[in-house]
Amino acid sequence: MANRDFPKNVDAVVVGGGFAGVYALHKLREIGLTVRGFEAASDVGGTWYWNRYPGARCDVESLEYSFGFSDKIQQEWDWSHRFSFQPDIHSYIAHVADETGVRSLISFETRVLSQAYDAESQMWTVKTDKGEEITCRFCIMAAGNLSVPLFPDIPGLDEFEGEKYHSGRWPEEDVDFTGKRVAVFGTGATGIQIIPEVAKEAEHLYVMQRSPNFSLPAGNRRLTEKEVAEFKKDYPEHRKRARRHLFGVAGVPEPTRSVLELTEEETLETFEQLWAYGGSINFQMAFTDFMKDERANKRLADFVRSKIRQTVKDPETAEKLCPYDHPIGSKRICIDTGYYETFNRDNVTLVSLRENPVQRITPKGIVTEQGEIEVDALIFATGFDAITGALTHIDITGRDGLKLADKWKERPSAYLGFAVAGFPNMFVITGPGSPSVKSNMVLSIEQHVEFAADTIVHMQENDLGAIEPQVAAENEWVDYVSEVANKTLFVKADSWYTGANVPGKPRMFVPFVGGVNTYRLACEDVKQNGYRGFTTEARHKVRETS
Ligand SMILES: Cc1cc2nc3c(=O)[nH]c(=O)nc-3n(C[C@H](O)[C@H](O)[C@H](O)COP(=O)(O)OP(=O)(O)OC[C@H]3O[C@@H](n4cnc5c(N)ncnc54)[C@H](O)[C@@H]3O)c2cc1C
């Protein structure tokens, strides 16, 4: 799309065209702002544009993993499955973009390269890879938590002569693995979705596993007309309940008791019921102490390991698939459709990279300590430079020449996970230190977009030119986020939640795990107390609110 008709000066620029970007454009326009959106992809969708690999689907139920801001949209859209597949979710976001009319505000195939704040004019200058320069008062960073794909650093990768894919950059055209020898690197949430699908087509599939993960059956199925109608009848009420819920969902009650109150038989009976029902949130919300008490956690971990052993016929393979190095839940719990069963197929080989590390890639395949595996295609389901990566890849300069990438080298700090000291009028949707990836993200996105809109309205009503967090308030929040995490077992794993998957990234548990409900109250409290913890500036006169 040509960019020449777009204005060069707007009230707000929105970076990203996924769930967050689409809603931000709509909301800001609704409060009367002129807006422009930028999206590197050729369409809206974000995660659900890029991750079109076989088997891609959500793991929060679709009736909940969707927008609540428009009753019209939630009533007219029909989800076909309990956990929808990528094409459906992509179509849904496209539908919302069309319904709200925001598609025409977005420059597609356009990457924001830099943005710099000028304290004098209280304006940002945003530059793109198409050579455009736009000035705006507000920058809304909707660039995603999982949008910068990571490739493993294996010597020889560029020399490989076969096909290469990353799950987070899957091509738009169909990929056919029929008759091909394929290797999948990565057995996290994405690998676990891809592997059973590719195994059905490939002549042979090699699963290159560094760390085994816990996976639970998704129990995915078609939704009946009756259950959709029932849910829709009370949709606004469900959304309200979700906002008050620990994880941001309405359909799963919060836990009230410890698993340790149950006998072993009672525990087993409950776990079997949850296993049969499917999904991970039901498990995670079943008891109060899975993430607080190692004994409680072990009960669940032992149960899942026993299921792996029951499912996988070859005991040696089963054992390699059993995770022992982290508490269950401290890495994202995967949900699958036939993952463990896939290892009973004759055309699937599990290669444990702990016992048999990869030495290099050759033009024809992969050399491990035990020899060369010849393959026609490599699939990397190796994750993302998570949570902060999309923003540190943009050259963002705040007050006094401060670079965001430099500031976040030590620790990724943001007040309420939403605004960053030194970067006035920039709002980060689901930023570091907010519930983000530890919640139903669409709900968290809506809350942050509305927080940004409320903040801008507050500024307009009070004739403010700039707002940014106070350093002390930001530090206090980040300390609090760590304090909450340190009381849980979440910190006991090296995971992308802690930056451990990216060499050189600061190590800390980044998302806020105190609950969507608690977090929402903290934000409301700040707003109701005159934006406590923020510094505001009107006509270059600084005043502090405390
Ligand atoms: C496979 C997969 C499954 C998931 N399932 C769930 C789930 O079930 N439940 C859940 O809550 N969450 C899930 N997530 C998390 C998911 O990322 C969020 O739920 C949600 O889609 C994020 O939306 P977003 O708009 O914030 O970011 P994204 O969807 O990531 O969109 C950000 C967009 O910004 C663009 N962008 C980034 N930088 C720039 C730049 N410099 N210039 C221009 N454009 C830029 C990117 O191209 C991208 O399209 C899943 C993630 C993955 C990868």
# chains A, B, ... in the order shown; residues from 1 in each chain; ligands from 1
>>> residues_near_ligand(ligand="ligand 1", cutoff="6 Å", atoms="only C-alpha atoms and all ligand atoms", output="number ranges by chain")
A: 15-21, 38-41, 46-47, 51, 56, 58-60, 110-113, 142-147, 190, 390, 394, 439-442
>>> select_by_dssp(residues="segment 64-264 of chain A", states="strand (DSSP E)", output="count of residues only")
42
>>> residues_around(residues="Tyr206 of chain A", least_positions_apart="3", cutoff="9 Å", atoms="only C-alpha atoms", output="list in words")
Arg181, Val182, Ala183, Val184, Phe185, Asn347, Val348, Thr349, Leu350, Val351, Ile373 and Val375 of chain A
>>> residues_around(residues="Cys136 of chain A", least_positions_apart="4", cutoff="8 Å", atoms="only C-alpha atoms", output="list in words")
Asn9, Val10, Asp11, Ala12, Val13, Met123, Trp124, Thr125 and Val126 of chain A
>>> residues_around(residues="Thr317 of chain A", least_positions_apart="3", cutoff="10 Å", atoms="only C-alpha atoms", output="list of chain:residue names")
A:Ile308, A:Arg309, A:Val312, A:Lys313, A:Asp314, A:Lys320, A:Leu321, A:Cys322, A:Tyr340, A:Phe343, A:Asn344, A:Thr349, A:Leu350, A:Val351, A:Ser352
>>> write_last_selection(atoms="C-alpha atoms", output="short mmCIF file (atom, residue, chain, number, x, y, z; two decimals), in the first residue's frame")
data_model
loop_
_atom_site.label_atom_id
_atom_site.label_comp_id
_atom_site.auth_asym_id
_atom_site.auth_seq_id
_atom_site.Cartn_x
_atom_site.Cartn_y
_atom_site.Cartn_z
CA ILE A 308 3.84 -39.87 29.50
CA ARG A 309 5.06 -43.34 30.51
CA VAL A 312 4.72 -43.71 24.97
CA LYS A 313 5.35 -47.39 24.27
CA ASP A 314 9.15 -47.31 24.21
CA LYS A 320 13.61 -38.83 27.64
CA LEU A 321 10.28 -37.01 27.26
CA CYS A 322 9.81 -36.68 31.04
CA TYR A 340 3.10 -38.07 23.17
CA PHE A 343 6.41 -40.98 19.44
CA ASN A 344 4.75 -44.37 18.89
CA THR A 349 12.68 -40.39 16.16
CA LEU A 350 13.37 -38.43 19.31
CA VAL A 351 16.91 -37.03 19.43
CA SER A 352 17.82 -35.86 22.90
#
>>> atom_distance(atom1="atom CA of Ser121 of chain A", atom2="atom CA of Gly465 of chain A")
9.0 Å
>>> residues_around(residues="Ala538 of chain A", least_positions_apart="4", cutoff="8 Å", atoms="only C-alpha atoms", output="PDB file with N, CA, C and O atoms, in the first residue's frame")
ATOM      1  N   ASP A 463      -4.695  19.835  30.454  1.00  0.00           N
ATOM      2  CA  ASP A 463      -3.784  20.613  29.613  1.00  0.00           C
ATOM      3  C   ASP A 463      -2.319  20.224  29.857  1.00  0.00           C
ATOM      4  O   ASP A 463      -1.455  21.079  30.044  1.00  0.00           O
ATOM      5  N   LEU A 464      -2.081  18.928  29.870  1.00  0.00           N
ATOM      6  CA  LEU A 464      -0.715  18.439  30.108  1.00  0.00           C
ATOM      7  C   LEU A 464      -0.034  18.143  28.778  1.00  0.00           C
ATOM      8  O   LEU A 464      -0.665  17.632  27.838  1.00  0.00           O
ATOM      9  N   GLY A 465       1.250  18.432  28.731  1.00  0.00           N
ATOM     10  CA  GLY A 465       2.010  18.183  27.502  1.00  0.00           C
ATOM     11  C   GLY A 465       2.756  16.866  27.525  1.00  0.00           C
ATOM     12  O   GLY A 465       3.072  16.309  26.477  1.00  0.00           O
ATOM     13  N   ALA A 466       3.084  16.392  28.726  1.00  0.00           N
ATOM     14  CA  ALA A 466       3.864  15.146  28.811  1.00  0.00           C
ATOM     15  C   ALA A 466       3.590  14.440  30.132  1.00  0.00           C
ATOM     16  O   ALA A 466       3.287  15.075  31.146  1.00  0.00           O
ATOM     17  N   VAL A 542       7.408  21.586  35.061  1.00  0.00           N
ATOM     18  CA  VAL A 542       7.335  20.248  35.656  1.00  0.00           C
ATOM     19  C   VAL A 542       6.661  20.310  37.019  1.00  0.00           C
ATOM     20  O   VAL A 542       6.943  21.176  37.824  1.00  0.00           O
TER      21      VAL A 542
END
>>> residues_around(residues="Tyr235 of chain A", least_positions_apart="5", cutoff="12 Å", atoms="only C-alpha atoms", output="MDAnalysis selection string")
chainID A and resid 63:64 66:76 228:230 240:242 249:251
>>> atom_distance(atom1="atom CA of Ala202 of chain A", atom2="atom CA of Ser167 of chain A")
16.7 Å
>>> closest_residue(among="A:Arg257, A:Arg103, A:Lys127, A:His81", to="Asp43 of chain A", atoms="only C-alpha atoms")
A:Arg103
>>> closest_residue(among="A:Thr337, A:Lys232, A:Pro171, A:Pro253", to="Thr288 of chain A", atoms="only C-alpha atoms")
A:Pro253
>>> select_by_dssp(residues="segment 214-433 of chain A", states="helix (DSSP H, G or I)", output="PyMOL selection string")
chain A and resi 225-233+235-243+259-261+264-277+281-284+294-311+315-321+339-342+389-392+399-401+404-410
>>> closest_residue(among="A:Leu28, A:Pro87, A:Lys226, A:Phe6", to="Val457 of chain A", atoms="only C-alpha atoms")
A:Leu28
>>> atom_distance(atom1="atom CA of Val526 of chain A", atom2="atom CA of Asp118 of chain A")
26.4 Å
